[in-house]
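So this block is structure38.pdb, PDB, C-alpha atoms:
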ATOM      1  CA  PHE A   1      57.263   4.534  84.606  1.00  0.00           C
ATOM      2  CA  ASN A   2      57.035   6.912  87.528  1.00  0.00           C
ATOM      3  CA  ALA A   3      54.969   9.974  88.335  1.00  0.00           C
ATOM      4  CA  LEU A   4      54.635  12.615  91.032  1.00  0.00           C
ATOM      5  CA  PHE A   5      51.270  13.840  92.221  1.00  0.00           C
ATOM      6  CA  ASP A   6      50.511  16.919  94.307  1.00  0.00           C
ATOM      7  CA  PRO A   7      47.363  17.048  96.505  1.00  0.00           C
ATOM      8  CA  TYR A   8      47.630  20.846  96.871  1.00  0.00           C
ATOM      9  CA  ALA A   9      45.941  23.320  94.538  1.00  0.00           C
ATOM     10  CA  ILE A  10      47.741  26.096  92.657  1.00  0.00           C
ATOM     11  CA  GLU A  11      46.791  29.689  91.983  1.00  0.00           C
ATOM     12  CA  GLU A  12      48.143  32.601  89.981  1.00  0.00           C
ATOM     13  CA  SER A  13      50.920  34.309  91.910  1.00  0.00           C
ATOM     14  CA  PRO A  14      50.358  37.972  92.807  1.00  0.00           C
ATOM     15  CA  TYR A  15      54.098  38.562  92.221  1.00  0.00           C
ATOM     16  CA  GLY A  16      54.120  37.756  88.523  1.00  0.00           C
ATOM     17  CA  SER A  17      55.567  34.226  88.540  1.00  0.00           C
ATOM     18  CA  SER A  18      53.695  31.421  86.823  1.00  0.00           C
ATOM     19  CA  GLY A  19      51.951  30.062  89.894  1.00  0.00           C
ATOM     20  CA  VAL A  20      52.149  29.159  93.546  1.00  0.00           C
ATOM     21  CA  ARG A  21      50.983  26.223  95.645  1.00  0.00           C
ATOM     22  CA  VAL A  22      48.327  27.135  98.193  1.00  0.00           C
ATOM     23  CA  ASN A  23      47.151  25.466 101.366  1.00  0.00           C
ATOM     24  CA  LYS A  24      43.966  24.170  99.734  1.00  0.00           C
ATOM     25  CA  ALA A  25      43.186  20.649  98.626  1.00  0.00           C
ATOM     26  CA  GLU A  26      43.084  20.072  94.865  1.00  0.00           C
ATOM     27  CA  PHE A  27      39.944  18.003  95.427  1.00  0.00           C
ATOM     28  CA  ASN A  28      38.093  20.954  96.994  1.00  0.00           C
ATOM     29  CA  GLU A  29      39.155  23.327  94.186  1.00  0.00           C
ATOM     30  CA  THR A  30      38.740  21.191  91.037  1.00  0.00           C
ATOM     31  CA  GLY A  31      37.170  17.907  92.112  1.00  0.00           C
ATOM     32  CA  ALA A  32      40.311  15.959  91.128  1.00  0.00           C
ATOM     33  CA  LEU A  33      41.989  13.863  93.815  1.00  0.00           C
ATOM     34  CA  CYS A  34      45.382  15.409  92.966  1.00  0.00           C
ATOM     35  CA  ARG A  35      47.260  16.887  90.005  1.00  0.00           C
ATOM     36  CA  ILE A  36      50.154  15.302  88.170  1.00  0.00           C
ATOM     37  CA  THR A  37      53.313  17.446  88.363  1.00  0.00           C
ATOM     38  CA  SER A  38      55.720  15.167  86.487  1.00  0.00           C
ATOM     39  CA  ALA A  39      55.914  11.764  84.863  1.00  0.00           C
ATOM     40  CA  ASN A  40      58.681   9.702  83.248  1.00  0.00           C
ATOM     41  CA  LEU A  41      58.421   6.715  80.954  1.00  0.00           C
ATOM     42  CA  ASN A  42      61.570   4.813  79.942  1.00  0.00           C
ATOM     43  CA  VAL A  43      61.643   1.807  77.647  1.00  0.00           C
ATOM     44  CA  GLY A  44      64.767   0.112  76.381  1.00  0.00           C
ATOM     45  CA  PHE A  45      66.273  -3.054  75.047  1.00  0.00           C
ATOM     46  CA  SER A  46      69.665  -4.505  74.300  1.00  0.00           C
ATOM     47  CA  LEU A  47      70.873  -6.661  71.419  1.00  0.00           C
ATOM     48  CA  ASN A  48      73.997  -8.790  71.835  1.00  0.00           C
ATOM     49  CA  SER A  49      75.945 -11.090  69.612  1.00  0.00           C
ATOM     50  CA  SER A  50      76.726 -14.600  70.647  1.00  0.00           C
ATOM     51  CA  ARG A  51      80.374 -15.489  70.681  1.00  0.00           C
ATOM     52  CA  GLY A  52      81.080 -17.477  67.518  1.00  0.00           C
ATOM     53  CA  GLN A  53      82.768 -20.856  67.446  1.00  0.00           C
ATOM     54  CA  GLU A  54      86.333 -21.145  66.195  1.00  0.00           C
ATOM     55  CA  LYS A  55      86.073 -21.516  62.429  1.00  0.00           C
ATOM     56  CA  LYS A  56      88.350 -23.496  60.175  1.00  0.00           C
ATOM     57  CA  ILE A  57      89.185 -22.291  56.671  1.00  0.00           C
ATOM     58  CA  THR A  58      88.091 -24.830  54.078  1.00  0.00           C
ATOM     59  CA  PRO A  59      90.342 -25.717  51.098  1.00  0.00           C
ATOM     60  CA  THR A  60      87.903 -23.888  48.788  1.00  0.00           C
ATOM     61  CA  GLN A  61      88.171 -20.746  50.901  1.00  0.00           C
ATOM     62  CA  MET A  62      91.966 -21.136  50.908  1.00  0.00           C
ATOM     63  CA  GLN A  63      92.002 -21.170  47.104  1.00  0.00           C
ATOM     64  CA  THR A  64      89.773 -18.107  47.053  1.00  0.00           C
ATOM     65  CA  LEU A  65      92.236 -16.335  49.347  1.00  0.00           C
ATOM     66  CA  TYR A  66      95.110 -17.351  46.987  1.00  0.00           C
ATOM     67  CA  GLY A  67      97.007 -18.990  49.808  1.00  0.00           C
ATOM     68  CA  TYR A  68      96.959 -15.926  52.128  1.00  0.00           C
ATOM     69  CA  PRO A  69      94.924 -17.124  55.144  1.00  0.00           C
ATOM     70  CA  GLU A  70      95.723 -13.917  57.071  1.00  0.00           C
ATOM     71  CA  HIS A  71      93.347 -12.115  54.663  1.00  0.00           C
ATOM     72  CA  TYR A  72      90.424 -14.149  55.965  1.00  0.00           C
ATOM     73  CA  VAL A  73      88.024 -11.913  57.905  1.00  0.00           C
ATOM     74  CA  ASP A  74      85.620 -13.437  60.411  1.00  0.00           C
ATOM     75  CA  PHE A  75      82.542 -11.231  60.764  1.00  0.00           C
ATOM     76  CA  ASP A  76      81.346 -13.009  63.929  1.00  0.00           C
ATOM     77  CA  VAL A  77      82.745 -10.273  66.154  1.00  0.00           C
ATOM     78  CA  PRO A  78      81.269  -9.634  69.604  1.00  0.00           C
ATOM     79  CA  TRP A  79      78.978  -6.617  69.710  1.00  0.00           C
ATOM     80  CA  ASN A  80      76.358  -4.965  71.875  1.00  0.00           C
ATOM     81  CA  VAL A  81      73.718  -2.327  70.996  1.00  0.00           C
ATOM     82  CA  ARG A  82      71.389  -0.636  73.501  1.00  0.00           C
ATOM     83  CA  ILE A  83      68.370   1.472  72.485  1.00  0.00           C
ATOM     84  CA  ASN A  84      66.318   3.524  74.963  1.00  0.00           C
ATOM     85  CA  TYR A  85      63.263   5.723  74.551  1.00  0.00           C
ATOM     86  CA  SER A  86      62.465   8.325  77.199  1.00  0.00           C
ATOM     87  CA  LEU A  87      59.340  10.446  77.583  1.00  0.00           C
ATOM     88  CA  ARG A  88      59.282  13.143  80.294  1.00  0.00           C
ATOM     89  CA  TYR A  89      56.245  15.242  81.143  1.00  0.00           C
ATOM     90  CA  SER A  90      56.396  18.162  83.569  1.00  0.00           C
ATOM     91  CA  LYS A  91      53.644  20.547  84.699  1.00  0.00           C
ATOM     92  CA  PRO A  92      54.534  22.033  88.084  1.00  0.00           C
ATOM     93  CA  TYR A  93      52.101  24.945  87.640  1.00  0.00           C
ATOM     94  CA  PHE A  94      50.116  26.043  84.572  1.00  0.00           C
ATOM     95  CA  GLU A  95      52.481  25.337  81.646  1.00  0.00           C
ATOM     96  CA  SER A  96      53.481  21.838  80.648  1.00  0.00           C
ATOM     97  CA  ASP A  97      56.699  20.618  79.043  1.00  0.00           C
ATOM     98  CA  VAL A  98      57.225  17.365  77.118  1.00  0.00           C
ATOM     99  CA  VAL A  99      60.656  15.950  76.229  1.00  0.00           C
ATOM    100  CA  GLN A 100      61.093  12.824  74.092  1.00  0.00           C
ATOM    101  CA  THR A 101      64.487  11.304  73.357  1.00  0.00           C
ATOM    102  CA  LEU A 102      65.716   8.197  71.606  1.00  0.00           C
ATOM    103  CA  ASN A 103      69.198   7.182  72.804  1.00  0.00           C
ATOM    104  CA  PHE A 104      71.424   4.449  71.475  1.00  0.00           C
ATOM    105  CA  SER A 105      74.825   3.164  72.438  1.00  0.00           C
ATOM    106  CA  GLY A 106      76.942   0.153  71.823  1.00  0.00           C
ATOM    107  CA  ASP A 107      80.322  -1.361  71.344  1.00  0.00           C
ATOM    108  CA  PHE A 108      82.033  -3.939  69.242  1.00  0.00           C
ATOM    109  CA  SER A 109      85.429  -5.602  69.194  1.00  0.00           C
ATOM    110  CA  LEU A 110      87.197  -5.671  65.867  1.00  0.00           C
ATOM    111  CA  THR A 111      89.786  -8.067  67.258  1.00  0.00           C
ATOM    112  CA  GLU A 112      90.839  -9.254  70.685  1.00  0.00           C
ATOM    113  CA  ASN A 113      92.829  -6.028  71.143  1.00  0.00           C
ATOM    114  CA  TRP A 114      90.608  -3.432  69.405  1.00  0.00           C
ATOM    115  CA  LYS A 115      87.346  -2.112  70.847  1.00  0.00           C
ATOM    116  CA  ILE A 116      85.100   0.675  69.532  1.00  0.00           C
ATOM    117  CA  SER A 117      82.173   2.118  71.455  1.00  0.00           C
ATOM    118  CA  PHE A 118      79.664   4.863  70.703  1.00  0.00           C
ATOM    119  CA  THR A 119      76.870   6.814  72.362  1.00  0.00           C
ATOM    120  CA  SER A 120      74.378   9.094  70.670  1.00  0.00           C
ATOM    121  CA  GLY A 121      70.724   9.955  70.530  1.00  0.00           C
ATOM    122  CA  TYR A 122      67.998  12.002  68.947  1.00  0.00           C
ATOM    123  CA  ASP A 123      65.836  14.649  70.625  1.00  0.00           C
ATOM    124  CA  ILE A 124      62.430  14.163  69.007  1.00  0.00           C
ATOM    125  CA  GLU A 125      61.041  17.529  70.157  1.00  0.00           C
ATOM    126  CA  LYS A 126      64.049  19.604  68.987  1.00  0.00           C
ATOM    127  CA  ARG A 127      64.622  17.369  65.946  1.00  0.00           C
ATOM    128  CA  LYS A 128      68.397  17.152  66.318  1.00  0.00           C
ATOM    129  CA  ALA A 129      71.093  14.752  67.415  1.00  0.00           C
ATOM    130  CA  SER A 130      72.075  14.740  71.060  1.00  0.00           C
ATOM    131  CA  TYR A 131      75.520  14.534  72.639  1.00  0.00           C
ATOM    132  CA  THR A 132      77.540  11.956  70.678  1.00  0.00           C
ATOM    133  CA  THR A 133      80.799  10.224  71.613  1.00  0.00           C
ATOM    134  CA  ILE A 134      83.045   7.693  69.898  1.00  0.00           C
ATOM    135  CA  ASP A 135      85.736   5.812  71.825  1.00  0.00           C
ATOM    136  CA  ILE A 136      88.448   3.663  70.266  1.00  0.00           C
ATOM    137  CA  TYR A 137      90.646   1.498  72.462  1.00  0.00           C
ATOM    138  CA  ARG A 138      93.719  -0.564  71.546  1.00  0.00           C
ATOM    139  CA  ASP A 139      95.440  -2.970  73.938  1.00  0.00           C
ATOM    140  CA  LEU A 140      99.217  -2.857  73.308  1.00  0.00           C
ATOM    141  CA  HIS A 141     100.126  -5.651  75.779  1.00  0.00           C
ATOM    142  CA  CYS A 142     101.823  -3.611  78.563  1.00  0.00           C
ATOM    143  CA  TRP A 143     100.552  -0.323  77.154  1.00  0.00           C
ATOM    144  CA  GLU A 144      97.163   0.877  75.972  1.00  0.00           C
ATOM    145  CA  ALA A 145      96.055   3.568  73.550  1.00  0.00           C
ATOM    146  CA  SER A 146      92.692   5.289  73.472  1.00  0.00           C
ATOM    147  CA  VAL A 147      90.917   7.995  71.488  1.00  0.00           C
ATOM    148  CA  HIS A 148      87.819   9.792  72.786  1.00  0.00           C
ATOM    149  CA  ILE A 149      85.973  11.877  70.164  1.00  0.00           C
ATOM    150  CA  VAL A 150      82.966  14.177  70.383  1.00  0.00           C
ATOM    151  CA  PRO A 151      82.481  14.693  66.613  1.00  0.00           C
ATOM    152  CA  PHE A 152      79.981  17.581  66.552  1.00  0.00           C
ATOM    153  CA  GLY A 153      78.001  20.004  68.677  1.00  0.00           C
ATOM    154  CA  THR A 154      78.967  22.544  71.300  1.00  0.00           C
ATOM    155  CA  HIS A 155      81.319  20.109  73.051  1.00  0.00           C
ATOM    156  CA  LYS A 156      83.205  19.060  69.895  1.00  0.00           C
ATOM    157  CA  SER A 157      86.569  17.747  71.125  1.00  0.00           C
ATOM    158  CA  TYR A 158      89.024  14.869  71.113  1.00  0.00           C
ATOM    159  CA  MET A 159      91.587  13.253  73.377  1.00  0.00           C
ATOM    160  CA  PHE A 160      94.302  10.781  72.384  1.00  0.00           C
ATOM    161  CA  GLN A 161      96.281   8.988  75.071  1.00  0.00           C
ATOM    162  CA  ILE A 162      98.932   6.272  75.346  1.00  0.00           C
ATOM    163  CA  ASN A 163      99.685   4.975  78.826  1.00  0.00           C
ATOM    164  CA  VAL A 164     101.198   2.103  80.769  1.00  0.00           C
ATOM    165  CA  LYS A 165      98.640  -0.423  82.047  1.00  0.00           C
ATOM    166  CA  ALA A 166     100.417  -1.228  85.318  1.00  0.00           C
ATOM    167  CA  ASP A 167      98.867   0.530  88.327  1.00  0.00           C
ATOM    168  CA  MET A 168     102.293   1.319  89.719  1.00  0.00           C
ATOM    169  CA  LEU A 169     103.160   3.329  86.587  1.00  0.00           C
ATOM    170  CA  LYS A 170      99.686   4.716  85.819  1.00  0.00           C
ATOM    171  CA  ASP A 171     100.991   8.305  85.673  1.00  0.00           C
ATOM    172  CA  LEU A 172     103.355   7.418  82.818  1.00  0.00           C
ATOM    173  CA  LYS A 173     101.349   8.595  79.797  1.00  0.00           C
ATOM    174  CA  ILE A 174     101.333  10.813  76.741  1.00  0.00           C
ATOM    175  CA  ALA A 175      98.146  12.717  75.970  1.00  0.00           C
ATOM    176  CA  LYS A 176      97.034  15.090  73.228  1.00  0.00           C
ATOM    177  CA  ARG A 177      93.704  16.806  73.528  1.00  0.00           C
ATOM    178  CA  ARG A 178      91.573  19.523  72.084  1.00  0.00           C
ATOM    179  CA  SER A 179      89.001  20.709  74.566  1.00  0.00           C
ATOM    180  CA  TRP A 180      85.573  21.991  73.622  1.00  0.00           C
ATOM    181  CA  PHE A 181      86.636  25.303  75.204  1.00  0.00           C
ATOM    182  CA  ASP A 182      88.908  25.768  72.140  1.00  0.00           C
ATOM    183  CA  ASN A 183      85.842  25.944  69.852  1.00  0.00           C
ATOM    184  CA  PHE A 184      84.991  29.525  70.807  1.00  0.00           C
TER     185      PHE A 184
END
What does the file become when written as structure tokens?
Amino acid sequence: FNALFDPYAIEESPYGSSGVRVNKAEFNETGALCRITSANLNVGFSLNSSRGQEKKITPTQMQTLYGYPEHYVDFDVPWNVRINYSLRYSKPYFESDVVQTLNFSGDFSLTENWKISFTSGYDIEKRKASYTTIDIYRDLHCWEASVHIVPFGTHKSYMFQINVKADMLKDLKIAKRRSWFDNF
């Protein structure tokens, strides 16, 4: 939590704007020690998986899989989810503004070489989803492939790229993109 306080009083502006600070103490004008001009409250937490132990397939499971152990799926994949709530209050002059958002992000690894991450949120005041991204990454040993997607909104776009991992050859890549500028 943080807040800003102003010890100076405000008055109506003679030039038509919303207000102006004056060289008078807020205490002398209103009796209050100072006035709050803005405040922020942020609360968040993170949930993480614990790395699972190496599991052995039992004979019963092997029979269930009809002798195809590669079809066994271990759902103990590493993952991480972060959730944050933000409340912002602003009143520099006479009108106040309140913004509340709930943001969440996370990632999970499907396998050792696949990783998917996401970021999104919800604006409580406007009652709509905020900027959302989805990233998919695949390690191809000496190469890597990635997809960055903004699935909806004004900045709807995507970028697909395959590139060499070595720093010496970092400019060796193939990219396909559709920019959000193409949406108009």
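Proximity to Gly44 (chain A) was assessed for A:Tyr85, A:Trp180, A:Tyr15, A:Trp143 counting only C-alpha atoms; the smallest distance is recorded for A:Tyr85.
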> So which one's closest to Ser157 (chain A), A:Phe104, A:Ser130, A:Asp135, A:Phe181? Using all atoms listed in the file, please.
Replying inline: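 Of the candidates, the smallest distance to Ser157 (chain A) is held by A:Phe181.
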>> Taking the file as I've supplied it (selection: the PyMOL selection byres ((chain A and resi 79) around 7)), which residues are included? Please answer as a list in words.
In response: Asn48, Ser49, Val77, Pro78, Asn80, Val81, Asp107, Phe108 and Ser109 of chain A
> Separation of CA of Ser38 (chain A) and CA of Lys91 (chain A), in Å?
Replying inline: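 Going from CA of Ser38 (chain A) over to CA of Lys91 (chain A), I get 6.0 Å.
Residues matching the PyMOL selection byres ((chain A and resi 93) around 8) in this structure come to Ile10, Ser18, Gly19, Val20, Thr37, Lys91, Pro92, Phe94, Glu95 and Ser96 of chain A.
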>> I want to know what sits within 7 Å of Val43 (chain A), based on all atoms listed in the file, with residues of the same chain fewer than 2 positions away left out; could you give that as a ChimeraX atom specification?
In response: /A:41,84-86
>> Running the PyMOL selection byres ((chain A and resi 147) around 8) on this model by hand, what would come out? Give it as a ChimeraX atom specification.
In response: /A:135-137,145-146,148-149,158-161
I need the residues from that last selection saved to file as a compact mmCIF listing (two decimals), in the frame of the given file (with C-alpha atoms), if you can.
# COMPACT_ATOMS: atom_id res chain seq x y z
CA ASP A 135 85.74 5.81 71.82
CA ILE A 136 88.45 3.66 70.27
CA TYR A 137 90.65 1.50 72.46
CA ALA A 145 96.06 3.57 73.55
CA SER A 146 92.69 5.29 73.47
CA HIS A 148 87.82 9.79 72.79
CA ILE A 149 85.97 11.88 70.16
CA TYR A 158 89.02 14.87 71.11
CA MET A 159 91.59 13.25 73.38
CA PHE A 160 94.30 10.78 72.38
CA GLN A 161 96.28 8.99 75.07
Put region 137-148 of chain A into a file with all heavy atoms, as a short mmCIF file (atom, residue, chain, number, x, y, z; two decimals), in the first residue's frame.
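Result written to selection.cif:
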data_model
loop_
_atom_site.label_atom_id
_atom_site.label_comp_id
_atom_site.auth_asym_id
_atom_site.auth_seq_id
_atom_site.Cartn_x
_atom_site.Cartn_y
_atom_site.Cartn_z
N TYR A 137 6.46 -22.25 -26.31
CA TYR A 137 7.87 -22.39 -26.61
C TYR A 137 8.22 -23.87 -26.76
O TYR A 137 7.77 -24.70 -25.96
CB TYR A 137 8.69 -21.77 -25.47
CG TYR A 137 10.17 -22.03 -25.58
CD1 TYR A 137 10.97 -21.27 -26.41
CD2 TYR A 137 10.77 -23.04 -24.85
CE1 TYR A 137 12.32 -21.51 -26.52
CE2 TYR A 137 12.11 -23.29 -24.94
CZ TYR A 137 12.89 -22.52 -25.77
OH TYR A 137 14.24 -22.78 -25.88
N ARG A 138 9.02 -24.19 -27.75
CA ARG A 138 9.48 -25.57 -27.97
C ARG A 138 10.98 -25.56 -28.17
O ARG A 138 11.51 -24.87 -29.06
CB ARG A 138 8.78 -26.16 -29.19
CG ARG A 138 9.34 -27.47 -29.69
CD ARG A 138 9.02 -28.62 -28.78
NE ARG A 138 9.42 -29.86 -29.44
CZ ARG A 138 9.89 -30.92 -28.82
NH1 ARG A 138 10.01 -30.92 -27.52
NH2 ARG A 138 10.24 -31.98 -29.48
N ASP A 139 11.70 -26.31 -27.35
CA ASP A 139 13.15 -26.46 -27.47
C ASP A 139 13.40 -27.58 -28.49
O ASP A 139 12.96 -28.70 -28.31
CB ASP A 139 13.75 -26.81 -26.12
CG ASP A 139 15.26 -26.88 -26.15
OD1 ASP A 139 15.85 -26.78 -27.24
OD2 ASP A 139 15.85 -27.02 -25.07
N LEU A 140 14.12 -27.26 -29.56
CA LEU A 140 14.43 -28.22 -30.62
C LEU A 140 15.92 -28.57 -30.63
O LEU A 140 16.53 -28.67 -31.68
CB LEU A 140 14.01 -27.65 -31.98
CG LEU A 140 12.53 -27.28 -32.11
CD1 LEU A 140 12.30 -26.46 -33.36
CD2 LEU A 140 11.69 -28.53 -32.13
N HIS A 141 16.52 -28.73 -29.48
CA HIS A 141 17.92 -29.03 -29.25
C HIS A 141 18.79 -27.82 -29.63
O HIS A 141 19.02 -26.97 -28.82
CB HIS A 141 18.34 -30.31 -29.95
CG HIS A 141 19.74 -30.73 -29.61
ND1 HIS A 141 20.15 -30.93 -28.32
CD2 HIS A 141 20.82 -30.96 -30.38
CE1 HIS A 141 21.44 -31.28 -28.31
NE2 HIS A 141 21.86 -31.30 -29.56
N CYS A 142 19.24 -27.71 -30.86
CA CYS A 142 20.07 -26.58 -31.29
C CYS A 142 19.22 -25.41 -31.78
O CYS A 142 19.73 -24.32 -32.00
CB CYS A 142 21.02 -27.00 -32.41
SG CYS A 142 22.21 -28.25 -31.89
N TRP A 143 17.96 -25.67 -32.01
CA TRP A 143 17.02 -24.65 -32.49
C TRP A 143 15.94 -24.46 -31.44
O TRP A 143 15.80 -25.26 -30.53
CB TRP A 143 16.36 -25.12 -33.80
CG TRP A 143 17.30 -25.24 -34.95
CD1 TRP A 143 18.24 -26.20 -35.14
CD2 TRP A 143 17.41 -24.36 -36.06
NE1 TRP A 143 18.92 -25.99 -36.31
CE2 TRP A 143 18.42 -24.86 -36.90
CE3 TRP A 143 16.74 -23.20 -36.43
CZ2 TRP A 143 18.78 -24.24 -38.08
CZ3 TRP A 143 17.09 -22.58 -37.62
CH2 TRP A 143 18.10 -23.11 -38.43
N GLU A 144 15.15 -23.42 -31.60
CA GLU A 144 13.99 -23.22 -30.74
C GLU A 144 12.88 -22.59 -31.57
O GLU A 144 13.14 -21.84 -32.51
CB GLU A 144 14.32 -22.37 -29.51
CG GLU A 144 14.85 -21.00 -29.82
CD GLU A 144 15.36 -20.28 -28.58
OE1 GLU A 144 15.35 -20.87 -27.48
OE2 GLU A 144 15.79 -19.14 -28.72
N ALA A 145 11.65 -22.94 -31.21
CA ALA A 145 10.48 -22.38 -31.89
C ALA A 145 9.60 -21.73 -30.84
O ALA A 145 9.48 -22.22 -29.72
CB ALA A 145 9.71 -23.48 -32.61
N SER A 146 8.98 -20.61 -31.22
CA SER A 146 8.10 -19.93 -30.28
C SER A 146 6.93 -19.29 -31.02
O SER A 146 7.05 -18.92 -32.19
CB SER A 146 8.86 -18.86 -29.49
OG SER A 146 9.36 -17.87 -30.36
N VAL A 147 5.80 -19.22 -30.32
CA VAL A 147 4.60 -18.56 -30.84
C VAL A 147 4.14 -17.60 -29.75
O VAL A 147 4.01 -17.98 -28.58
CB VAL A 147 3.48 -19.57 -31.14
CG1 VAL A 147 2.22 -18.86 -31.61
CG2 VAL A 147 3.92 -20.59 -32.16
N HIS A 148 3.92 -16.36 -30.14
CA HIS A 148 3.39 -15.33 -29.23
C HIS A 148 2.04 -14.90 -29.80
O HIS A 148 1.96 -14.45 -30.94
CB HIS A 148 4.34 -14.14 -29.15
CG HIS A 148 3.83 -13.02 -28.31
ND1 HIS A 148 3.84 -13.04 -26.95
CD2 HIS A 148 3.26 -11.84 -28.66
CE1 HIS A 148 3.31 -11.91 -26.49
NE2 HIS A 148 2.96 -11.17 -27.52
#
